[in-house]
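Raw final_0.txt, compact mmCIF, N, CA and C atoms:
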```
# COMPACT_ATOMS: atom_id res chain seq x y z
N MET A 21 0.61 -22.97 36.79
CA MET A 21 1.27 -22.81 35.51
C MET A 21 2.10 -21.52 35.48
N ASN A 22 1.59 -20.43 36.09
CA ASN A 22 2.30 -19.16 36.10
C ASN A 22 3.69 -19.32 36.71
N ILE A 23 3.78 -20.01 37.85
CA ILE A 23 5.05 -20.19 38.54
C ILE A 23 6.00 -21.04 37.70
N ALA A 24 5.48 -22.10 37.09
CA ALA A 24 6.31 -22.98 36.26
C ALA A 24 6.87 -22.21 35.05
N LEU A 25 6.05 -21.39 34.41
CA LEU A 25 6.52 -20.60 33.26
C LEU A 25 7.56 -19.57 33.70
N GLY A 26 7.31 -18.92 34.83
CA GLY A 26 8.28 -17.95 35.34
C GLY A 26 9.60 -18.60 35.67
N ASP A 27 9.54 -19.80 36.25
CA ASP A 27 10.77 -20.50 36.60
C ASP A 27 11.52 -20.95 35.34
N TRP A 28 10.79 -21.39 34.32
CA TRP A 28 11.42 -21.77 33.04
C TRP A 28 12.17 -20.58 32.46
N CYS A 29 11.54 -19.44 32.44
CA CYS A 29 12.17 -18.22 31.92
C CYS A 29 13.39 -17.86 32.75
N ARG A 30 13.25 -17.89 34.06
CA ARG A 30 14.35 -17.55 34.96
C ARG A 30 15.57 -18.41 34.70
N ARG A 31 15.35 -19.71 34.60
CA ARG A 31 16.47 -20.63 34.35
C ARG A 31 17.08 -20.38 32.97
N LYS A 32 16.23 -20.13 31.99
CA LYS A 32 16.71 -19.94 30.61
C LYS A 32 17.59 -18.70 30.49
N VAL A 33 17.25 -17.63 31.19
CA VAL A 33 18.05 -16.40 31.11
C VAL A 33 19.16 -16.36 32.16
N GLY A 34 19.18 -17.34 33.07
CA GLY A 34 20.27 -17.44 34.03
C GLY A 34 20.13 -16.57 35.26
N LEU A 35 18.90 -16.29 35.67
CA LEU A 35 18.69 -15.50 36.89
C LEU A 35 18.82 -16.40 38.11
N ALA A 36 19.49 -15.91 39.15
CA ALA A 36 19.70 -16.71 40.36
C ALA A 36 18.44 -16.79 41.21
N ARG A 37 17.68 -15.69 41.27
CA ARG A 37 16.50 -15.64 42.13
C ARG A 37 15.21 -15.74 41.31
N PRO A 38 14.17 -16.31 41.90
CA PRO A 38 12.90 -16.40 41.17
C PRO A 38 12.22 -15.03 41.07
N PHE A 39 11.35 -14.92 40.08
CA PHE A 39 10.52 -13.73 39.97
C PHE A 39 9.55 -13.70 41.15
N VAL A 40 9.20 -12.51 41.58
CA VAL A 40 8.25 -12.33 42.68
C VAL A 40 7.10 -11.49 42.16
N SER A 41 5.89 -11.88 42.47
CA SER A 41 4.71 -11.10 42.09
C SER A 41 4.74 -10.77 40.60
N PHE A 42 4.45 -11.76 39.78
CA PHE A 42 4.58 -11.63 38.32
C PHE A 42 3.43 -12.33 37.61
N THR A 43 3.31 -12.01 36.34
CA THR A 43 2.38 -12.69 35.45
C THR A 43 3.18 -13.18 34.26
N SER A 44 2.98 -14.41 33.87
CA SER A 44 3.73 -14.95 32.73
C SER A 44 2.78 -15.32 31.60
N LEU A 45 3.34 -15.30 30.42
CA LEU A 45 2.60 -15.71 29.22
C LEU A 45 3.48 -16.68 28.47
N GLY A 46 3.00 -17.89 28.29
CA GLY A 46 3.75 -18.90 27.55
C GLY A 46 3.19 -19.05 26.15
N VAL A 47 4.06 -19.30 25.21
CA VAL A 47 3.67 -19.52 23.82
C VAL A 47 4.03 -20.96 23.48
N PHE A 48 3.03 -21.71 23.03
CA PHE A 48 3.19 -23.13 22.73
C PHE A 48 2.90 -23.36 21.25
N ASP A 49 3.54 -24.37 20.67
CA ASP A 49 3.20 -24.72 19.29
C ASP A 49 1.97 -25.63 19.29
N ASP A 50 1.55 -26.06 18.12
CA ASP A 50 0.35 -26.88 18.00
C ASP A 50 0.46 -28.23 18.70
N ASP A 51 1.68 -28.68 18.92
CA ASP A 51 1.90 -29.96 19.60
C ASP A 51 2.07 -29.80 21.11
N GLY A 52 1.94 -28.57 21.61
CA GLY A 52 2.05 -28.32 23.04
C GLY A 52 3.46 -28.06 23.52
N GLU A 53 4.43 -27.95 22.60
CA GLU A 53 5.81 -27.66 23.00
C GLU A 53 5.95 -26.18 23.34
N LEU A 54 6.58 -25.90 24.47
CA LEU A 54 6.80 -24.53 24.91
C LEU A 54 7.87 -23.89 24.03
N LEU A 55 7.49 -22.78 23.38
CA LEU A 55 8.42 -22.07 22.49
C LEU A 55 9.07 -20.87 23.17
N GLY A 56 8.35 -20.24 24.09
CA GLY A 56 8.90 -19.07 24.75
C GLY A 56 7.99 -18.57 25.85
N VAL A 57 8.55 -17.71 26.71
CA VAL A 57 7.81 -17.17 27.85
C VAL A 57 8.16 -15.70 28.02
N SER A 58 7.15 -14.90 28.28
CA SER A 58 7.34 -13.52 28.72
C SER A 58 6.86 -13.44 30.16
N VAL A 59 7.66 -12.78 31.00
CA VAL A 59 7.30 -12.60 32.40
C VAL A 59 7.19 -11.10 32.67
N PHE A 60 6.03 -10.67 33.13
CA PHE A 60 5.78 -9.27 33.45
C PHE A 60 5.94 -9.12 34.96
N HIS A 61 6.84 -8.24 35.37
CA HIS A 61 7.17 -8.10 36.80
C HIS A 61 7.54 -6.66 37.11
N ASN A 62 7.77 -6.41 38.38
CA ASN A 62 8.13 -5.06 38.86
C ASN A 62 7.11 -4.01 38.42
N TRP A 63 5.84 -4.37 38.49
CA TRP A 63 4.77 -3.46 38.08
C TRP A 63 4.62 -2.34 39.10
N ASP A 64 4.58 -1.12 38.60
CA ASP A 64 4.33 0.06 39.42
C ASP A 64 3.07 0.72 38.85
N PRO A 65 1.89 0.35 39.36
CA PRO A 65 0.65 0.86 38.79
C PRO A 65 0.52 2.37 38.89
N GLU A 66 1.04 2.97 39.95
CA GLU A 66 0.93 4.43 40.10
C GLU A 66 1.72 5.15 39.01
N ALA A 67 2.87 4.63 38.65
CA ALA A 67 3.69 5.23 37.59
C ALA A 67 3.27 4.73 36.21
N GLY A 68 2.52 3.62 36.17
CA GLY A 68 2.13 3.05 34.89
C GLY A 68 3.30 2.42 34.16
N VAL A 69 4.17 1.71 34.92
CA VAL A 69 5.37 1.11 34.35
C VAL A 69 5.44 -0.35 34.77
N ILE A 70 5.84 -1.20 33.83
CA ILE A 70 6.05 -2.61 34.12
C ILE A 70 7.29 -3.08 33.37
N GLU A 71 7.95 -4.09 33.92
CA GLU A 71 9.13 -4.66 33.28
C GLU A 71 8.77 -6.01 32.69
N VAL A 72 9.40 -6.36 31.59
CA VAL A 72 9.21 -7.67 30.98
C VAL A 72 10.56 -8.35 30.81
N SER A 73 10.56 -9.65 31.07
CA SER A 73 11.72 -10.50 30.78
C SER A 73 11.22 -11.62 29.91
N GLY A 74 12.07 -12.13 29.06
CA GLY A 74 11.62 -13.19 28.17
C GLY A 74 12.73 -14.14 27.80
N ALA A 75 12.32 -15.34 27.41
CA ALA A 75 13.26 -16.36 26.96
C ALA A 75 12.53 -17.27 25.98
N SER A 76 13.30 -17.91 25.12
CA SER A 76 12.67 -18.80 24.14
C SER A 76 13.57 -19.98 23.83
N SER A 77 12.94 -20.99 23.27
CA SER A 77 13.67 -22.14 22.76
C SER A 77 13.56 -22.19 21.25
N SER A 78 12.84 -21.21 20.67
CA SER A 78 12.62 -21.18 19.23
C SER A 78 12.39 -19.75 18.77
N ALA A 79 12.90 -19.42 17.61
CA ALA A 79 12.68 -18.09 17.03
C ALA A 79 11.22 -17.92 16.59
N ARG A 80 10.48 -19.02 16.53
CA ARG A 80 9.08 -18.97 16.08
C ARG A 80 8.11 -18.50 17.15
N TRP A 81 8.59 -18.13 18.31
CA TRP A 81 7.69 -17.87 19.43
C TRP A 81 7.02 -16.52 19.39
N LEU A 82 7.49 -15.59 18.58
CA LEU A 82 6.91 -14.24 18.59
C LEU A 82 6.37 -13.80 17.23
N PRO A 83 5.38 -14.50 16.70
CA PRO A 83 4.75 -13.99 15.49
C PRO A 83 3.99 -12.70 15.81
N ARG A 84 3.59 -11.98 14.79
CA ARG A 84 2.92 -10.69 14.92
C ARG A 84 1.74 -10.74 15.89
N ARG A 85 0.92 -11.77 15.83
CA ARG A 85 -0.28 -11.85 16.68
C ARG A 85 0.10 -11.99 18.16
N VAL A 86 1.19 -12.73 18.45
CA VAL A 86 1.64 -12.88 19.83
C VAL A 86 2.23 -11.56 20.33
N LEU A 87 3.02 -10.90 19.49
CA LEU A 87 3.55 -9.58 19.87
C LEU A 87 2.42 -8.62 20.22
N TYR A 88 1.38 -8.62 19.40
CA TYR A 88 0.26 -7.73 19.69
C TYR A 88 -0.36 -8.07 21.05
N GLU A 89 -0.57 -9.34 21.34
CA GLU A 89 -1.17 -9.74 22.61
C GLU A 89 -0.30 -9.32 23.80
N LEU A 90 1.01 -9.50 23.65
CA LEU A 90 1.93 -9.10 24.73
C LEU A 90 1.82 -7.61 25.03
N PHE A 91 1.91 -6.80 23.99
CA PHE A 91 1.87 -5.35 24.19
C PHE A 91 0.47 -4.87 24.54
N SER A 92 -0.55 -5.53 24.02
CA SER A 92 -1.92 -5.16 24.35
C SER A 92 -2.18 -5.42 25.83
N TYR A 93 -1.64 -6.51 26.37
CA TYR A 93 -1.78 -6.78 27.80
C TYR A 93 -1.22 -5.62 28.61
N VAL A 94 -0.04 -5.17 28.26
CA VAL A 94 0.64 -4.09 29.00
C VAL A 94 -0.09 -2.76 28.84
N PHE A 95 -0.36 -2.37 27.60
CA PHE A 95 -0.86 -1.02 27.34
C PHE A 95 -2.39 -0.91 27.37
N ASN A 96 -3.09 -1.94 26.89
CA ASN A 96 -4.55 -1.86 26.86
C ASN A 96 -5.20 -2.42 28.12
N GLN A 97 -4.71 -3.56 28.61
CA GLN A 97 -5.34 -4.16 29.79
C GLN A 97 -4.85 -3.54 31.10
N LEU A 98 -3.53 -3.44 31.26
CA LEU A 98 -3.00 -2.86 32.49
C LEU A 98 -3.01 -1.34 32.48
N GLY A 99 -3.06 -0.75 31.30
CA GLY A 99 -3.06 0.70 31.19
C GLY A 99 -1.70 1.33 31.47
N CYS A 100 -0.64 0.58 31.24
CA CYS A 100 0.70 1.13 31.47
C CYS A 100 1.04 2.17 30.41
N GLN A 101 1.92 3.08 30.79
CA GLN A 101 2.41 4.08 29.85
C GLN A 101 3.83 3.76 29.39
N ALA A 102 4.49 2.79 30.05
CA ALA A 102 5.85 2.43 29.67
C ALA A 102 6.14 0.97 30.01
N LEU A 103 6.87 0.32 29.11
CA LEU A 103 7.31 -1.06 29.29
C LEU A 103 8.83 -1.05 29.27
N VAL A 104 9.44 -1.66 30.29
CA VAL A 104 10.89 -1.66 30.46
C VAL A 104 11.43 -3.06 30.22
N MET A 105 12.57 -3.13 29.53
CA MET A 105 13.23 -4.41 29.32
C MET A 105 14.74 -4.22 29.49
N ARG A 106 15.33 -5.04 30.35
CA ARG A 106 16.79 -5.01 30.54
C ARG A 106 17.41 -6.02 29.59
N VAL A 107 18.48 -5.59 28.91
CA VAL A 107 19.10 -6.43 27.89
C VAL A 107 20.62 -6.42 28.08
N ALA A 108 21.21 -7.60 28.02
CA ALA A 108 22.66 -7.70 28.10
C ALA A 108 23.28 -7.08 26.84
N PRO A 109 24.36 -6.36 26.97
CA PRO A 109 24.99 -5.72 25.81
C PRO A 109 25.37 -6.70 24.70
N GLU A 110 25.67 -7.93 25.04
CA GLU A 110 26.05 -8.91 24.01
C GLU A 110 24.85 -9.49 23.26
N ASN A 111 23.64 -9.24 23.72
CA ASN A 111 22.45 -9.76 23.05
C ASN A 111 22.02 -8.81 21.92
N THR A 112 22.80 -8.82 20.86
CA THR A 112 22.58 -7.86 19.77
C THR A 112 21.33 -8.17 18.96
N ARG A 113 20.91 -9.43 18.91
CA ARG A 113 19.71 -9.79 18.14
C ARG A 113 18.47 -9.09 18.71
N ILE A 114 18.25 -9.20 20.01
CA ILE A 114 17.06 -8.57 20.60
C ILE A 114 17.19 -7.05 20.56
N GLN A 115 18.40 -6.53 20.65
CA GLN A 115 18.58 -5.08 20.56
C GLN A 115 18.09 -4.55 19.22
N ARG A 116 18.43 -5.24 18.13
CA ARG A 116 17.98 -4.82 16.80
C ARG A 116 16.46 -4.83 16.71
N ILE A 117 15.85 -5.87 17.26
CA ILE A 117 14.39 -6.00 17.22
C ILE A 117 13.74 -4.87 18.01
N LEU A 118 14.23 -4.61 19.22
CA LEU A 118 13.64 -3.58 20.07
C LEU A 118 13.79 -2.19 19.46
N ARG A 119 14.94 -1.90 18.89
CA ARG A 119 15.13 -0.60 18.23
C ARG A 119 14.16 -0.44 17.08
N ALA A 120 13.99 -1.48 16.27
CA ALA A 120 13.07 -1.41 15.13
C ALA A 120 11.63 -1.23 15.59
N TYR A 121 11.32 -1.76 16.76
CA TYR A 121 9.96 -1.68 17.29
C TYR A 121 9.64 -0.33 17.90
N GLY A 122 10.68 0.48 18.17
CA GLY A 122 10.46 1.82 18.70
C GLY A 122 10.92 2.05 20.12
N TYR A 123 11.57 1.06 20.73
CA TYR A 123 12.08 1.23 22.08
C TYR A 123 13.19 2.28 22.10
N GLU A 124 13.29 3.03 23.18
CA GLU A 124 14.42 3.90 23.45
C GLU A 124 15.40 3.14 24.31
N GLU A 125 16.67 3.47 24.17
CA GLU A 125 17.73 2.69 24.82
C GLU A 125 18.65 3.58 25.66
N THR A 126 19.01 3.07 26.83
CA THR A 126 19.97 3.74 27.70
C THR A 126 20.92 2.70 28.26
N ARG A 127 22.21 2.99 28.24
CA ARG A 127 23.21 2.10 28.84
C ARG A 127 23.48 2.59 30.26
N ILE A 128 23.44 1.65 31.21
CA ILE A 128 23.76 1.98 32.60
C ILE A 128 24.97 1.15 33.01
N ARG A 129 26.02 1.83 33.34
CA ARG A 129 27.26 1.17 33.72
C ARG A 129 27.07 0.35 35.00
N ARG A 130 27.61 -0.86 34.97
CA ARG A 130 27.71 -1.74 36.14
C ARG A 130 26.37 -2.17 36.74
N LEU A 131 25.28 -2.02 36.02
CA LEU A 131 23.98 -2.41 36.57
C LEU A 131 23.85 -3.93 36.72
N ARG A 132 24.57 -4.69 35.91
CA ARG A 132 24.55 -6.16 36.01
C ARG A 132 25.64 -6.69 36.93
N GLY A 133 26.49 -5.81 37.43
CA GLY A 133 27.59 -6.21 38.30
C GLY A 133 28.77 -5.28 38.09
N ARG A 134 29.79 -5.46 38.87
CA ARG A 134 30.94 -4.56 38.84
C ARG A 134 31.51 -4.37 37.44
N ASP A 135 31.59 -5.41 36.66
CA ASP A 135 32.19 -5.32 35.33
C ASP A 135 31.19 -5.52 34.20
N GLN A 136 29.89 -5.35 34.49
CA GLN A 136 28.88 -5.61 33.47
C GLN A 136 27.87 -4.48 33.40
N ASP A 137 27.81 -3.87 32.23
CA ASP A 137 26.80 -2.84 31.98
C ASP A 137 25.47 -3.52 31.67
N ASP A 138 24.43 -2.73 31.64
CA ASP A 138 23.10 -3.21 31.26
C ASP A 138 22.50 -2.19 30.32
N LEU A 139 21.72 -2.66 29.37
CA LEU A 139 20.98 -1.78 28.49
C LEU A 139 19.53 -1.79 28.93
N ILE A 140 18.98 -0.61 29.12
CA ILE A 140 17.57 -0.48 29.50
C ILE A 140 16.83 0.02 28.26
N PHE A 141 15.88 -0.78 27.81
CA PHE A 141 15.04 -0.41 26.67
C PHE A 141 13.66 -0.08 27.20
N ILE A 142 13.09 1.03 26.75
CA ILE A 142 11.77 1.46 27.19
C ILE A 142 10.90 1.72 25.97
N LEU A 143 9.70 1.14 26.00
CA LEU A 143 8.70 1.40 24.96
C LEU A 143 7.53 2.12 25.61
N TYR A 144 7.16 3.25 25.04
CA TYR A 144 6.05 4.05 25.57
C TYR A 144 4.77 3.71 24.81
N ASP A 145 3.64 3.83 25.49
CA ASP A 145 2.36 3.45 24.90
C ASP A 145 2.07 4.20 23.61
N ASP A 146 2.32 5.51 23.57
CA ASP A 146 2.02 6.27 22.35
C ASP A 146 2.93 5.87 21.19
N VAL A 147 4.16 5.51 21.48
CA VAL A 147 5.07 5.04 20.43
C VAL A 147 4.59 3.70 19.90
N TRP A 148 4.17 2.81 20.81
CA TRP A 148 3.65 1.50 20.38
C TRP A 148 2.42 1.66 19.50
N ARG A 149 1.50 2.52 19.91
CA ARG A 149 0.27 2.70 19.14
C ARG A 149 0.54 3.29 17.76
N ALA A 150 1.61 4.06 17.63
CA ALA A 150 1.91 4.74 16.36
C ALA A 150 2.95 4.02 15.51
N ASN A 151 3.50 2.90 15.98
CA ASN A 151 4.64 2.32 15.28
C ASN A 151 4.30 1.62 13.97
N GLY A 152 3.04 1.39 13.66
CA GLY A 152 2.66 0.82 12.38
C GLY A 152 2.80 -0.68 12.26
N PHE A 153 3.29 -1.35 13.28
CA PHE A 153 3.44 -2.81 13.21
C PHE A 153 2.09 -3.52 13.33
N HIS A 154 1.13 -2.89 14.00
CA HIS A 154 -0.10 -3.60 14.32
C HIS A 154 -1.33 -2.82 13.89
N ARG A 155 -2.02 -3.32 12.90
CA ARG A 155 -3.30 -2.71 12.50
C ARG A 155 -4.33 -2.87 13.62
N GLU A 156 -4.07 -3.84 14.53
CA GLU A 156 -4.97 -4.07 15.66
C GLU A 156 -5.09 -2.82 16.53
N ASN A 157 -4.04 -2.00 16.58
CA ASN A 157 -4.11 -0.77 17.37
C ASN A 157 -5.21 0.14 16.87
N LYS A 158 -5.33 0.26 15.56
CA LYS A 158 -6.39 1.09 14.98
C LYS A 158 -7.75 0.48 15.28
N GLU A 159 -7.86 -0.84 15.15
CA GLU A 159 -9.12 -1.51 15.44
C GLU A 159 -9.49 -1.34 16.91
N PHE A 160 -8.52 -1.45 17.82
CA PHE A 160 -8.78 -1.26 19.25
C PHE A 160 -9.25 0.16 19.51
N ALA A 161 -8.56 1.15 18.95
CA ALA A 161 -8.93 2.54 19.15
C ALA A 161 -10.31 2.83 18.59
N ASP A 162 -10.63 2.28 17.43
CA ASP A 162 -11.96 2.47 16.85
C ASP A 162 -13.02 1.87 17.75
N GLY A 163 -12.75 0.69 18.32
CA GLY A 163 -13.70 0.05 19.24
C GLY A 163 -13.89 0.85 20.50
N GLN A 164 -12.80 1.43 21.03
CA GLN A 164 -12.87 2.27 22.22
C GLN A 164 -13.74 3.50 21.95
N GLU A 165 -13.52 4.13 20.79
CA GLU A 165 -14.30 5.31 20.44
C GLU A 165 -15.79 4.97 20.33
N ARG A 166 -16.10 3.83 19.72
CA ARG A 166 -17.50 3.42 19.60
C ARG A 166 -18.12 3.16 20.98
N ALA A 167 -17.36 2.52 21.86
CA ALA A 167 -17.86 2.21 23.21
C ALA A 167 -18.08 3.50 24.00
N GLU A 168 -17.19 4.47 23.86
CA GLU A 168 -17.35 5.73 24.59
C GLU A 168 -18.51 6.53 24.04
N ALA A 169 -18.81 6.41 22.76
CA ALA A 169 -19.91 7.16 22.16
C ALA A 169 -21.26 6.56 22.54
N ALA A 170 -21.28 5.28 22.87
CA ALA A 170 -22.55 4.59 23.18
C ALA A 170 -23.12 4.97 24.52
```
Could you render the structure from this file as structure tokens?
Amino acid sequence: MNIALGDWCRRKVGLARPFVSFTSLGVFDDDGELLGVSVFHNWDPEAGVIEVSGASSSARWLPRRVLYELFSYVFNQLGCQALVMRVAPENTRIQRILRAYGYEETRIRRLRGRDQDDLIFILYDDVWRANGFHRENKEFADGQERAEAA
């Protein structure tokens, strides 16, 4: 299933080559229809950095609970300190969402090709924990404190 989800995402975003050494998360509706996929790749455990790519067939694929699970996987399970996402300059919808979520943004000239810039968005673990979108962060931290005290 991991390979199939990664390939679906790859085709949807128009990547020529398949993802290598990745973990994917698919979001399905109640009828089993695939709504979207996040692919976590280019993990550097020593640096605590991972990249995510995503694609969807519906705007309904990222409710608050799914967003929390995606970021919790990166920051709580993997222990990453930074999440990287490459975004095409013309994809203004996702740019607005990432900025509101607390990502920092850098434009790199010609990273997508000779005549194509790329936007690199980075979300840091401390920014995610403090961004106020998820009360689950407080619940997770409280649970961690209780476990460490025991």
Problem - Between atom CA of His61 of chain A and atom C of Thr43 of chain A - distance in Å to one decimal - result: 6.9 Å
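Candidate residues A:Val69, A:Asn62, A:Asn22, A:Glu124 were compared for distance to Gly46 of chain A, and the nearest is A:Asn22, using all atoms listed in the file.
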Fill in the blank from the handout: Of A:Ala150, A:Val107, A:Ile117, A:Leu87, the one nearest to Asp137 of chain A when counting all atoms listed in the file is A:Val107
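Residue nearest Ala24 of chain A, chosen from A:Val147, A:Glu66, A:Val57, A:His154 and counting only C-alpha atoms: A:Val57.
Of the residues listed (A:Val72, A:Gly34, A:Pro109, A:Ser78), A:Ser78 shows the shortest atom-to-atom separation from Leu54 of chain A; distances use all atoms listed in the file.
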Exercise for the section: Check chain A with DSSP on the backbone and list each residue it calls strand (DSSP E or B), as a ChimeraX atom specification. Expected result: /A:43-48,54-64,69-76,102-107,124-133,136-144
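Here atom N of Asp64 of chain A is placed at a distance of 23.6 Å from atom CA of Val47 of chain A.
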Practice task
Looking only at helix (DSSP H, G or I) from DSSP on the backbone, list the matching residues of chain A as a ChimeraX atom specification.
Solution key: /A:22-33,79-81,84-97,112-121,145-150,156-169
Segment 35-41 of chain A: axis-aligned bounding box, 8 Å on each side, centre and edge lengths in Å, one decimal, as lines of an AutoDock Vina configuration file:
```
center_x = 12.2
center_y = -13.8
center_z = 39.2
size_x = 31.0
size_y = 22.0
size_z = 23.0
```
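In this comparison, which uses only N, CA and C atoms, the residue of A:Val86, A:Leu25, A:Ile140, A:Ala79 approaching Val104 of chain A most closely is A:Ile140.
Atom CA of Gln136 of chain A to atom CA of Ala36 of chain A spans 16.0 Å [interatomic distance, one decimal].
Restricting the calculation to only C-alpha atoms, the smallest distance between Leu90 of chain A and any of A:Trp28, A:Leu131, A:Tyr121, A:Ser58 is found for A:Ser58.
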Exercise for the section: Step by step: start from the point (12.0, 5.1, 28.9) in the file's coordinates, keep every protein, DNA or RNA residue that has an atom no farther than 8 Å from it, count only C-alpha atoms, and write the set as a list in words. Expected result: Ala102, Leu103, Val104, Tyr123, Glu124, Glu125, Ile140, Phe141, Ile142, Leu143 and Tyr144 of chain A
Practice task
Anything within 12 Å of (4.0, -2.7, 12.5): list those residues as a ChimeraX atom specification, counting only C-alpha atoms and sticking to the file's coordinates.
Solution key: /A:83-85,87-88,117,120-122,147-158
